Amino acid sequence: MTATTRRAGVLVVGASAAGLATVEALRRQGYGDRVTLLGAEPHLPYDRPPLSKQVLSSAWPAERTLLRAPRMLADLDVEIVLGKPALALDAAERAVRTATATHAADHVVIATGATPRTLPAPDGLRGVHVLRTLDDALALRADLTRATRAVVVGEGVLGAEIAATIRQSGLEVTMTGPQPAPMASQLGELVSGMLARLHADNGVRLRLGVGVSGLTDRDGAVTGVRLETDETIPADLVVVAIGARPNTDWLVGSGLTLDNGVVCDSGCRAAHGIYAVGDVARWHHPGVGAAIRLENRTNAIEQAGVVAANIVGGEQAYRPIPYFWTDQFTTKIQVYGTVTADAVATVVDGDPADGRFVVRYDRGGSVAAVLGWNMPKQARMQRQKLVDALTAEPAAPGGAGPVANAS
């Protein structure tokens with residue numbers, strides 16, 4: 001039987017970057033009522049981007065990933081409850097149940113993030129990893145010291161970062177996946193081809209353009225990755241980075257609309273008094289004209305500010321310029337907007353031969369995205385054209401219920 005806590009003004013479910021940013025934004029905007037931050041992990045809020053780079057490479061100790069020192073968290077006057085996964089939501093009562101308590105609030109903010117997708121494998125198979133949490137990163141880091149041949153299954157941003165980091169640790173690394181080049185769907189043919197050359201020049205073996213059918217094992221340990229061509233890539237360490245699904249299983253039966261995330265209106269409102277923020281939120285973007293979901297650190301922080309503003313009485317629509325960055329070997333790539341298959345890529349600054357350039361992606365006569373390769377300042381300057389295109393006609397947020405536009 002669970003105990004019931006006293007009711008909070010705001011309950012934030014998920015002690016992530018998005019969850020903490022919501023608490024901080026509430027306090028900045030003058031919210032003075034009681035706030036509770038409920039986290040499934042035992043750790044204080046920490047930063048995820050360094051996990052695949054600085055933590056995995058051992059350049060950073062685990063504690064350096066903390067987003068705020070304990071004294072700074074104390075200044076927020078927030079009740080932090082850790083190690084208690086949310087099990088169910090009563091949307092009408094705005095109450096969240098864990099294994100030991102029920103937390104109720106006037107406003108609930110869902111910030112439960114996403115869960116890595118996996119490959120079918122025997123339970124407890126040694127040498128197989130995903131990378132989402134701090135504990136995942138530490139377990140993978142420990143296994144690197146015992147491995148000699150690694151395979152990264154997944155050629156998206158996380159897979160590419162992990163492959164680069166592992167290769168720099170001295171291991172043999174193969175990257176595999178169905179795309180023809182690393183991050184092809186996110187960067188387009190021109191830049192993903194350059195990224196493929198960057199990895200190959202640094203010793204990463206690329207076995208791309210083919211799907212993975214499963215893993216091979218012997219005596220409880222992984223021995224390789226089996227491709228759909230029936231080829232097997234030998235490995236004593238495998239990292240699966242094939243994307244993530246929104247963490248919404250605990251919300252089934254809550255009455256909220258769940259479709260590739262918690263479906264929200266343009267103010268990130270899923271129902272009366274209930275909001276979603278970060279990787280789990282799928283909201284109506286007025287500038288795009290559709291419901292979208294973004295998985296990146298920048299989105300989590302910016303979206304939290306809008307949610308906090310709407311909780312304290314605002315009527316803000318969330319209309320960001322999508323943005324992400326990635327660091328691989330000595331290259332930093334920054335992308336503003338969304339690259340699509342029909343976009344035309346043009347180098348507008350710098351020179352790819354020099355390893356520093358900016359690409360503009362045009363679609364339908366307007367700028368769809370801007371990418372900087374080791375040229376952050378110049379990429380930000382080109383970003384203004386994208387801002388002008390997406391903010392030409394400001395829109396007010398929709399009603400309290402979710403918007404069902406497909407992305």
# chains A, B, ... in the order shown; residues from 1 in each chain; ligands from 1
>>> residues_around(residues="Gly124 in chain A", least_positions_apart="5", cutoff="12 Å", atoms="only C-alpha atoms", output="PDB file with C-alpha atoms, in the first residue's frame")
ATOM      1  CA  HIS A 129      25.522  -2.389 -24.161  1.00  0.00           C
ATOM      2  CA  ASP A 217      27.185 -15.622 -28.691  1.00  0.00           C
ATOM      3  CA  ASP A 219      29.175 -19.307 -23.232  1.00  0.00           C
ATOM      4  CA  GLY A 220      27.059 -16.301 -22.253  1.00  0.00           C
ATOM      5  CA  ALA A 221      29.166 -13.690 -24.052  1.00  0.00           C
ATOM      6  CA  VAL A 222      28.646 -11.921 -27.364  1.00  0.00           C
TER       7      VAL A 222
END
>>> residues_around(residues="range 365-381 of chain A", least_positions_apart="5", cutoff="6 Å", atoms="only C-alpha atoms", output="ChimeraX atom specification")
/A:332-339,356-360,386
>>> residues_around(residues="Asn299 in chain A", least_positions_apart="3", cutoff="10 Å", atoms="only C-alpha atoms", output="ChimeraX atom specification")
/A:18,277-279,293-296,302-304,320-324
>>> write_last_selection(atoms="all heavy atoms", output="CSV table (one decimal), in the first residue's frame")
chain,number,residue,atom,x,y,z
A,18,ALA,N,15.7,18.3,-18.8
A,18,ALA,CA,14.4,19.0,-19.1
A,18,ALA,C,13.6,19.2,-17.8
A,18,ALA,O,13.0,20.3,-17.6
A,18,ALA,CB,13.5,18.1,-20.0
A,277,VAL,N,7.6,17.8,-21.6
A,277,VAL,CA,8.8,18.5,-22.0
A,277,VAL,C,9.9,17.6,-22.3
A,277,VAL,O,10.0,16.5,-21.7
A,277,VAL,CB,9.1,19.5,-20.9
A,277,VAL,CG1,9.5,18.8,-19.6
A,277,VAL,CG2,10.3,20.5,-21.3
A,278,GLY,N,10.8,18.0,-23.2
A,278,GLY,CA,12.0,17.1,-23.5
A,278,GLY,C,11.7,16.0,-24.5
A,278,GLY,O,10.8,16.1,-25.3
A,279,ASP,N,12.5,15.0,-24.5
A,279,ASP,CA,12.4,13.9,-25.4
A,279,ASP,C,11.0,13.2,-25.5
A,279,ASP,O,10.7,12.6,-26.5
A,279,ASP,CB,13.4,12.8,-25.1
A,279,ASP,CG,14.9,13.3,-25.2
A,279,ASP,OD1,15.1,14.5,-25.5
A,279,ASP,OD2,15.8,12.5,-25.0
A,293,ARG,N,8.6,15.8,-32.5
A,293,ARG,CA,9.3,15.5,-31.2
A,293,ARG,C,10.8,15.6,-31.5
A,293,ARG,O,11.3,15.1,-32.5
A,293,ARG,CB,8.9,14.0,-30.8
A,293,ARG,CG,9.5,13.6,-29.5
A,293,ARG,CD,8.9,12.3,-29.1
A,293,ARG,NE,9.5,11.2,-29.9
A,293,ARG,CZ,10.6,10.6,-29.7
A,293,ARG,NH1,11.4,10.9,-28.7
A,293,ARG,NH2,11.0,9.6,-30.5
A,294,LEU,N,11.5,16.2,-30.6
A,294,LEU,CA,12.9,16.4,-30.7
A,294,LEU,C,13.7,15.8,-29.6
A,294,LEU,O,13.3,15.9,-28.4
A,294,LEU,CB,13.3,17.9,-30.8
A,294,LEU,CG,12.7,18.7,-31.9
A,294,LEU,CD1,13.0,20.2,-31.8
A,294,LEU,CD2,13.2,18.2,-33.3
A,295,GLU,N,14.8,15.1,-29.9
A,295,GLU,CA,15.6,14.5,-28.9
A,295,GLU,C,17.0,15.2,-28.8
A,295,GLU,O,17.9,14.8,-29.5
A,295,GLU,CB,15.8,13.0,-29.1
A,295,GLU,CG,14.6,12.2,-29.0
A,295,GLU,CD,14.8,10.7,-29.3
A,295,GLU,OE1,16.0,10.3,-29.3
A,295,GLU,OE2,13.9,9.9,-29.4
A,296,ASN,N,17.1,16.3,-28.1
A,296,ASN,CA,18.4,16.9,-27.9
A,296,ASN,C,18.3,17.9,-26.7
A,296,ASN,O,17.2,18.3,-26.2
A,296,ASN,CB,18.8,17.7,-29.2
A,296,ASN,CG,17.9,18.8,-29.6
A,296,ASN,OD1,17.8,19.8,-28.9
A,296,ASN,ND2,17.2,18.6,-30.7
A,302,GLU,N,15.0,24.8,-23.8
A,302,GLU,CA,14.1,25.9,-24.4
A,302,GLU,C,12.6,25.5,-24.1
A,302,GLU,O,11.8,26.4,-23.8
A,302,GLU,CB,14.3,26.0,-25.8
A,302,GLU,CG,15.7,26.6,-26.2
A,302,GLU,CD,15.9,26.7,-27.7
A,302,GLU,OE1,15.1,26.2,-28.4
A,302,GLU,OE2,16.9,27.4,-28.0
A,303,GLN,N,12.3,24.3,-24.3
A,303,GLN,CA,10.9,23.9,-24.1
A,303,GLN,C,10.4,24.0,-22.6
A,303,GLN,O,9.3,24.4,-22.3
A,303,GLN,CB,10.7,22.4,-24.5
A,303,GLN,CG,9.3,22.0,-24.7
A,303,GLN,CD,9.2,20.6,-25.4
A,303,GLN,OE1,10.0,19.8,-25.2
A,303,GLN,NE2,8.2,20.5,-26.2
A,304,ALA,N,11.4,23.7,-21.7
A,304,ALA,CA,11.1,23.9,-20.3
A,304,ALA,C,10.7,25.3,-19.9
A,304,ALA,O,9.8,25.6,-19.1
A,304,ALA,CB,12.3,23.4,-19.4
A,320,PRO,N,10.5,26.5,-31.7
A,320,PRO,CA,11.9,26.6,-31.7
A,320,PRO,C,12.5,26.4,-33.2
A,320,PRO,O,11.8,25.8,-34.0
A,320,PRO,CB,12.4,25.5,-30.8
A,320,PRO,CG,11.3,24.4,-31.1
A,320,PRO,CD,10.0,25.2,-31.2
A,321,ILE,N,13.7,26.8,-33.3
A,321,ILE,CA,14.5,26.4,-34.5
A,321,ILE,C,15.2,25.1,-34.0
A,321,ILE,O,16.0,25.1,-33.1
A,321,ILE,CB,15.6,27.4,-34.9
A,321,ILE,CG1,14.9,28.8,-35.2
A,321,ILE,CG2,16.4,26.9,-36.0
A,321,ILE,CD1,14.0,28.8,-36.3
A,322,PRO,N,14.8,23.9,-34.6
A,322,PRO,CA,15.5,22.7,-34.2
A,322,PRO,C,17.0,22.8,-34.3
A,322,PRO,O,17.6,23.4,-35.2
A,322,PRO,CB,15.0,21.6,-35.2
A,322,PRO,CG,13.7,22.2,-35.6
A,322,PRO,CD,13.8,23.7,-35.6
A,323,TYR,N,17.7,22.3,-33.3
A,323,TYR,CA,19.2,22.5,-33.2
A,323,TYR,C,19.8,21.3,-32.5
A,323,TYR,O,19.3,20.8,-31.5
A,323,TYR,CB,19.6,23.8,-32.5
A,323,TYR,CG,21.0,23.9,-32.2
A,323,TYR,CD1,22.0,24.2,-33.2
A,323,TYR,CD2,21.5,23.7,-30.9
A,323,TYR,CE1,23.3,24.2,-32.9
A,323,TYR,CE2,22.9,23.7,-30.6
A,323,TYR,CZ,23.8,24.0,-31.6
A,323,TYR,OH,25.1,24.1,-31.3
A,324,PHE,N,20.9,20.8,-33.1
A,324,PHE,CA,21.7,19.8,-32.4
A,324,PHE,C,23.2,20.0,-32.8
A,324,PHE,O,23.5,20.6,-33.8
A,324,PHE,CB,21.2,18.4,-32.6
A,324,PHE,CG,21.5,17.8,-33.9
A,324,PHE,CD1,22.7,17.1,-34.2
A,324,PHE,CD2,20.6,18.0,-35.0
A,324,PHE,CE1,23.0,16.6,-35.4
A,324,PHE,CE2,20.9,17.4,-36.3
A,324,PHE,CZ,22.1,16.7,-36.5
>>> residues_around(residues="Ser185 in chain A", least_positions_apart="5", cutoff="9 Å", atoms="only C-alpha atoms", output="list in words")
Gly156, Gln179, Ser192, Val339, Thr340 and Ala341 of chain A
>>> residues_around(residues="Thr148 in chain A", least_positions_apart="6", cutoff="7 Å", atoms="only C-alpha atoms", output="PDB file with all heavy atoms, in the first residue's frame")
ATOM      1  N   LEU A 171      40.729   0.645 -29.557  1.00  0.00           N
ATOM      2  CA  LEU A 171      40.099  -0.604 -29.978  1.00  0.00           C
ATOM      3  C   LEU A 171      39.824  -0.614 -31.476  1.00  0.00           C
ATOM      4  O   LEU A 171      39.666   0.439 -32.093  1.00  0.00           O
ATOM      5  CB  LEU A 171      38.771  -0.813 -29.241  1.00  0.00           C
ATOM      6  CG  LEU A 171      38.824  -1.567 -27.909  1.00  0.00           C
ATOM      7  CD1 LEU A 171      39.522  -0.732 -26.854  1.00  0.00           C
ATOM      8  CD2 LEU A 171      37.410  -1.932 -27.462  1.00  0.00           C
ATOM      9  N   GLU A 172      39.757  -1.816 -32.056  1.00  0.00           N
ATOM     10  CA  GLU A 172      39.223  -1.974 -33.401  1.00  0.00           C
ATOM     11  C   GLU A 172      37.718  -1.712 -33.341  1.00  0.00           C
ATOM     12  O   GLU A 172      37.036  -2.246 -32.468  1.00  0.00           O
ATOM     13  CB  GLU A 172      39.471  -3.387 -33.921  1.00  0.00           C
ATOM     14  CG  GLU A 172      40.937  -3.742 -34.111  1.00  0.00           C
ATOM     15  CD  GLU A 172      41.086  -5.157 -34.637  1.00  0.00           C
ATOM     16  OE1 GLU A 172      40.095  -5.699 -35.194  1.00  0.00           O
ATOM     17  OE2 GLU A 172      42.177  -5.727 -34.477  1.00  0.00           O
ATOM     18  N   ASP A 236      33.863  -8.714 -29.421  1.00  0.00           N
ATOM     19  CA  ASP A 236      33.700  -9.088 -28.016  1.00  0.00           C
ATOM     20  C   ASP A 236      33.032  -7.963 -27.229  1.00  0.00           C
ATOM     21  O   ASP A 236      32.865  -8.064 -26.013  1.00  0.00           O
ATOM     22  CB  ASP A 236      35.020  -9.509 -27.376  1.00  0.00           C
ATOM     23  CG  ASP A 236      36.133  -8.494 -27.554  1.00  0.00           C
ATOM     24  OD1 ASP A 236      35.851  -7.374 -28.035  1.00  0.00           O
ATOM     25  OD2 ASP A 236      37.289  -8.811 -27.229  1.00  0.00           O
TER      26      ASP A 236
END
>>> atom_distance(atom1="CA of Gln328 in chain A", atom2="CA of Arg197 in chain A")
12.1 Å
>>> closest_residue(among="A:Arg245, A:His43, A:Lys84, A:Arg167", to="Thr118 in chain A", atoms="only C-alpha atoms")
A:Arg245
>>> select_by_dssp(residues="range 101-292 of chain A", states="alpha helix (DSSP H)", output="number ranges by chain")
A: 134-144, 157-168, 184-201
>>> residues_around(residues="Val312 in chain A", least_positions_apart="3", cutoff="10 Å", atoms="only C-alpha atoms", output="mmCIF file with N, CA and C atoms, in the first residue's frame")
data_model
loop_
_atom_site.group_PDB
_atom_site.id
_atom_site.type_symbol
_atom_site.label_atom_id
_atom_site.label_comp_id
_atom_site.auth_asym_id
_atom_site.auth_seq_id
_atom_site.Cartn_x
_atom_site.Cartn_y
_atom_site.Cartn_z
ATOM 1 N N LEU A 26 10.678 27.892 -13.520
ATOM 2 C CA LEU A 26 9.574 28.270 -12.633
ATOM 3 C C LEU A 26 10.047 29.258 -11.572
ATOM 4 N N GLN A 29 10.793 32.703 -12.941
ATOM 5 C CA GLN A 29 9.594 33.438 -13.314
ATOM 6 C C GLN A 29 8.692 33.739 -12.119
ATOM 7 N N GLY A 30 9.240 33.540 -10.925
ATOM 8 C CA GLY A 30 8.556 33.973 -9.720
ATOM 9 C C GLY A 30 7.604 32.982 -9.105
ATOM 10 N N TYR A 31 7.617 31.744 -9.557
ATOM 11 C CA TYR A 31 6.709 30.758 -8.978
ATOM 12 C C TYR A 31 7.174 30.413 -7.568
ATOM 13 N N GLY A 32 6.294 30.595 -6.582
ATOM 14 C CA GLY A 32 6.705 30.431 -5.191
ATOM 15 C C GLY A 32 6.102 29.251 -4.470
ATOM 16 N N VAL A 307 7.053 25.885 -20.988
ATOM 17 C CA VAL A 307 6.138 25.190 -20.079
ATOM 18 C C VAL A 307 6.019 25.946 -18.763
ATOM 19 N N ALA A 308 7.143 26.376 -18.211
ATOM 20 C CA ALA A 308 7.103 27.135 -16.952
ATOM 21 C C ALA A 308 6.297 28.413 -17.117
ATOM 22 N N ALA A 309 6.500 29.119 -18.226
ATOM 23 C CA ALA A 309 5.762 30.367 -18.470
ATOM 24 C C ALA A 309 4.265 30.115 -18.539
ATOM 25 N N GLU A 315 0.544 32.391 -22.117
ATOM 26 C CA GLU A 315 -0.050 31.688 -23.256
ATOM 27 C C GLU A 315 0.958 31.692 -24.389
#
>>> closest_residue(among="A:Pro234, A:Thr133, A:Leu158, A:Phe329", to="Asn202 in chain A", atoms="only C-alpha atoms")
A:Phe329
>>> closest_atom_pairs(of="range 106-176 of chain A", to="range 57-78 of chain A", cutoff="12 Å", atoms="only C-alpha atoms", output="CSV")
residue,atom,partner,partner_atom,distance
A:Thr133,CA,A:Ala62,CA,11.1
A:Leu134,CA,A:Ala62,CA,7.4
A:Asp135,CA,A:Ala62,CA,9.2
A:Asp136,CA,A:Ala62,CA,11.4
A:Ala137,CA,A:Ala62,CA,9.2
A:Leu138,CA,A:Ala62,CA,8.0
A:Ala139,CA,A:Ala62,CA,11.7
A:Leu140,CA,A:Ser57,CA,10.1
A:Arg141,CA,A:Ser57,CA,7.2
A:Ala142,CA,A:Ser58,CA,9.7
A:Asp143,CA,A:Ser57,CA,11.9
A:Leu144,CA,A:Ser57,CA,9.4
A:Thr145,CA,A:Ser57,CA,10.9
A:Glu161,CA,A:Ser57,CA,11.1
A:Ile162,CA,A:Ser57,CA,9.6
A:Ala163,CA,A:Ser57,CA,11.3
A:Ala164,CA,A:Ser57,CA,10.0
A:Thr165,CA,A:Ser57,CA,6.2
A:Ile166,CA,A:Ser57,CA,7.4
A:Arg167,CA,A:Ser57,CA,9.9
A:Gln168,CA,A:Ser57,CA,8.1
A:Ser169,CA,A:Ser57,CA,6.9
A:Gly170,CA,A:Ser57,CA,10.6
A:Leu171,CA,A:Ser57,CA,11.9
>>> select_by_dssp(residues="range 156-402 of chain A", states="strand (DSSP E or B)", output="number ranges by chain")
A: 172-177, 205-208, 212-218, 221-227, 232-234, 237-240, 244-246, 258, 262-264, 269-271, 274-276, 281-285, 290-292, 323-328, 331-337, 344-351, 356-363, 366-373
